[in-house]
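Reviewing the structure listed below.
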Amino acid sequence: MSCVCPSANAPSYHPQLLARIEGRQSLKDIDQHVFPEDGGPAQGDVVEFHGVEGSGKTEMLYHFMTHCILPKDSGGLEVEVVFIDTDYHFDMLRLVSVLEARLTPPAEENAGGPESETEEAVRSCLQRLSVVHCSSSVQLLLTLHYLEGTFCSRPALCLLVIDSISAFYWVDRSSGGESLARQEANLRKCAELLNKLRRDYGVVVFATTHAIMRNYSSAAASTSSGPPEASGSTPSWRNVTDFDKPYLCRTWQRILTQRLVFLKSEPVGEKPAFSVACSTVRTR
C-alpha cells in the first residue's frame with residue numbers, strides 16, 4: 001500500500017483523510033420515538049429494518065429521510081441521502097407528501113404564503129436526495145464501489161439507505177448451487193464494502209430485510225394449537241416462531257449495530273396499526 005506524505009513546501013492530503021478530519025453530522029437525534037434517548041445511530045452505525053411485507057419498513061424510511069433532507073430551520077438535519085432501491089418500490093409521490101406535511105406549518109404562518117414557496121422548498125430538499133436502482137446483487141456491489149468516491153468527496157452525505165439488502169437472497173441462493181459460499185458471495189462482498197464505508201467515512205447505513213417463513217412445521221403446529229382463523233384470512237405471522245431470526249450471511253450480521261423489528265398490529269378502528277421494537281447489537 002502506498003503512503004502519501006505531505007512535503008513542507010507543498011502540502012498534500014489524502015482525500016480520505018480529509019473526509020475523516022472534517023467528519024459528518026451525527027444522526028443521533030433522527031427520531032427519539034423509535035430509538036432510545038441518545039441511542040440513535042452514531043457515525044458508522046448500521047441499522048437493519050426487519051419485518052414482513054407491509055409492516056411499515058419503507059414508510060419509516062421515508063420519514064427518516066425526510067428528517068435528514070429537511071433544512072434546519074424546518075426542524076431537519078439538512079444532510080444528503082443516497083437511496084438504493086432494489087425492490088423497485090420507491091414512491092417519490094409518497095416521499096413528497098411527507099415532505100409537504102413537514103413544510104406546510106411554517107408556510108401557514110406567513111399569512112398564507114403562495115403554494116409555489118412550498119413547491120420550491122420541496123425541490124430544494126429533493127436536491128439532497130439521490131436515488132439509485134439495482135436489479136441484481138452484482139449491480140448492488142458495483143454501485144457501492146462507485147459510491148465510495150462519492151462519500152469521499154461529499155462530507156454532507158451522511159446516510160445510505162438500501163431497500164432492501166435481502167432483495168436478491170433467493171436469486172443468489174438459486175444461482176449459487178449447493179455451495180453456501182457461492183450463494184452468499186455477492187452479499188458478503190457488499191457487506192465487506194459497507195463495513196469499509198461506515199468505518200472510513202462515518203456513513204450511517206439503513207437497510208431493510210424481508211422476513212421469511214422457514215420453519216413451516218412450527219408454524220403449522222402453532223396454527224393448529226391456537227384459535228382457528230377465519231376462512232380465507234391470511235395466516236398470522238405471530239404464529240411463526242422464527243420470522244424475526246437473522247438469515248443473511250455472517251459478514252452482514254457482524255457489522256450490525258441496531259436492529260428494528262416491525263410487526264403488524266390489530267387495526268385501530270378503520271386504520272391499520274404497526275409496532276416497532278428497537279434492539280441494540282453492539283459488535284464493536
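Chain labels A, B, ... are given in the sequence in which chains occur in the C-alpha cells; within each chain residues are numbered consecutively from 1, and ligands are likewise numbered from 1 in the order shown.
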Using 9 Å as the limit and counting only C-alpha atoms, can you tabulate each residue of segment 154-213 of chain A that touches segment 114-135 of chain A, with its shortest atom-to-atom distance in Å and the two atoms involved, as a Markdown table?
| residue | atom | partner | partner_atom | distance |
| --- | --- | --- | --- | --- |
| A:Leu157 | CA | A:Arg128 | CA | 8.3 |
| A:Ala167 | CA | A:Ser135 | CA | 8.9 |
| A:Phe168 | CA | A:Ser135 | CA | 8.4 |
Tell me which protein, DNA and RNA residues are within 8 Å of Ser164 of chain A, counting only C-alpha atoms, leaving out same-chain ones fewer than 5 positions away, and put them as a VMD selection string.
-> chain A and resid 85 to 87 207 to 210
May I have the residues from that selection written out with N, CA, C and O atoms, as a PDB file, in the first residue's frame?
ATOM      1  N   ASP A  85     -32.594   1.543  -4.351  1.00  0.00           N
ATOM      2  CA  ASP A  85     -33.872   0.834  -4.470  1.00  0.00           C
ATOM      3  C   ASP A  85     -33.647  -0.486  -5.207  1.00  0.00           C
ATOM      4  O   ASP A  85     -33.447  -0.496  -6.421  1.00  0.00           O
ATOM      5  N   THR A  86     -33.693  -1.588  -4.484  1.00  0.00           N
ATOM      6  CA  THR A  86     -33.513  -2.905  -5.095  1.00  0.00           C
ATOM      7  C   THR A  86     -34.843  -3.611  -5.343  1.00  0.00           C
ATOM      8  O   THR A  86     -34.897  -4.575  -6.103  1.00  0.00           O
ATOM      9  N   ASP A  87     -35.908  -3.140  -4.677  1.00  0.00           N
ATOM     10  CA  ASP A  87     -37.234  -3.741  -4.854  1.00  0.00           C
ATOM     11  C   ASP A  87     -38.066  -3.016  -5.903  1.00  0.00           C
ATOM     12  O   ASP A  87     -39.157  -3.464  -6.240  1.00  0.00           O
ATOM     13  N   ALA A 207     -30.780  -0.351   6.242  1.00  0.00           N
ATOM     14  CA  ALA A 207     -31.095  -1.373   5.245  1.00  0.00           C
ATOM     15  C   ALA A 207     -32.270  -2.206   5.723  1.00  0.00           C
ATOM     16  O   ALA A 207     -32.312  -2.616   6.888  1.00  0.00           O
ATOM     17  N   THR A 208     -33.213  -2.457   4.825  1.00  0.00           N
ATOM     18  CA  THR A 208     -34.360  -3.286   5.175  1.00  0.00           C
ATOM     19  C   THR A 208     -34.089  -4.738   4.789  1.00  0.00           C
ATOM     20  O   THR A 208     -33.349  -5.019   3.842  1.00  0.00           O
ATOM     21  N   THR A 209     -34.703  -5.650   5.537  1.00  0.00           N
ATOM     22  CA  THR A 209     -34.661  -7.074   5.211  1.00  0.00           C
ATOM     23  C   THR A 209     -36.073  -7.634   5.336  1.00  0.00           C
ATOM     24  O   THR A 209     -36.818  -7.272   6.251  1.00  0.00           O
ATOM     25  N   HIS A 210     -36.416  -8.499   4.413  1.00  0.00           N
ATOM     26  CA  HIS A 210     -37.737  -9.123   4.424  1.00  0.00           C
ATOM     27  C   HIS A 210     -37.738 -10.334   5.356  1.00  0.00           C
ATOM     28  O   HIS A 210     -36.805 -11.142   5.338  1.00  0.00           O
TER      29      HIS A 210
END
Segment 62-72 of chain A: which residues within 10 Å, counting only C-alpha atoms, same-chain residues fewer than 2 positions away excluded, as a VMD selection string?
-> chain A and resid 27 29 to 31 56 to 60 74 to 83 90 to 92 94 to 100 102 to 103 121 to 122 124 to 129 158 to 161 206
Proximity to Leu144 of chain A - best of A:Leu194, A:Ala42, A:Leu256, A:Val205, only C-alpha atoms = A:Leu194
Give me the residues within 7 Å of Pro41 of chain A as a ChimeraX atom specification, counting only C-alpha atoms and dropping any in the same chain fewer than 4 places off.
-> /A:27-28,45,204
Computed interatomic separation between atom CA of Val46 of chain A and atom CA of Arg259 of chain A (Å) =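 Separation between atom CA of Val46 of chain A and atom CA of Arg259 of chain A: 8.6 Å.
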In terms of only C-alpha atoms, the residue from A:Leu197, A:Leu147, A:Ala191, A:Ile162 at minimal distance from Ile255 of chain A is A:Ala191
Backbone-only DSSP, alpha helix (DSSP H) members of segment 48-229 of chain A, as an MDAnalysis selection string | chainID A and resid 57:69 92:108 115:126 137:153 169:175 180:201 216:225
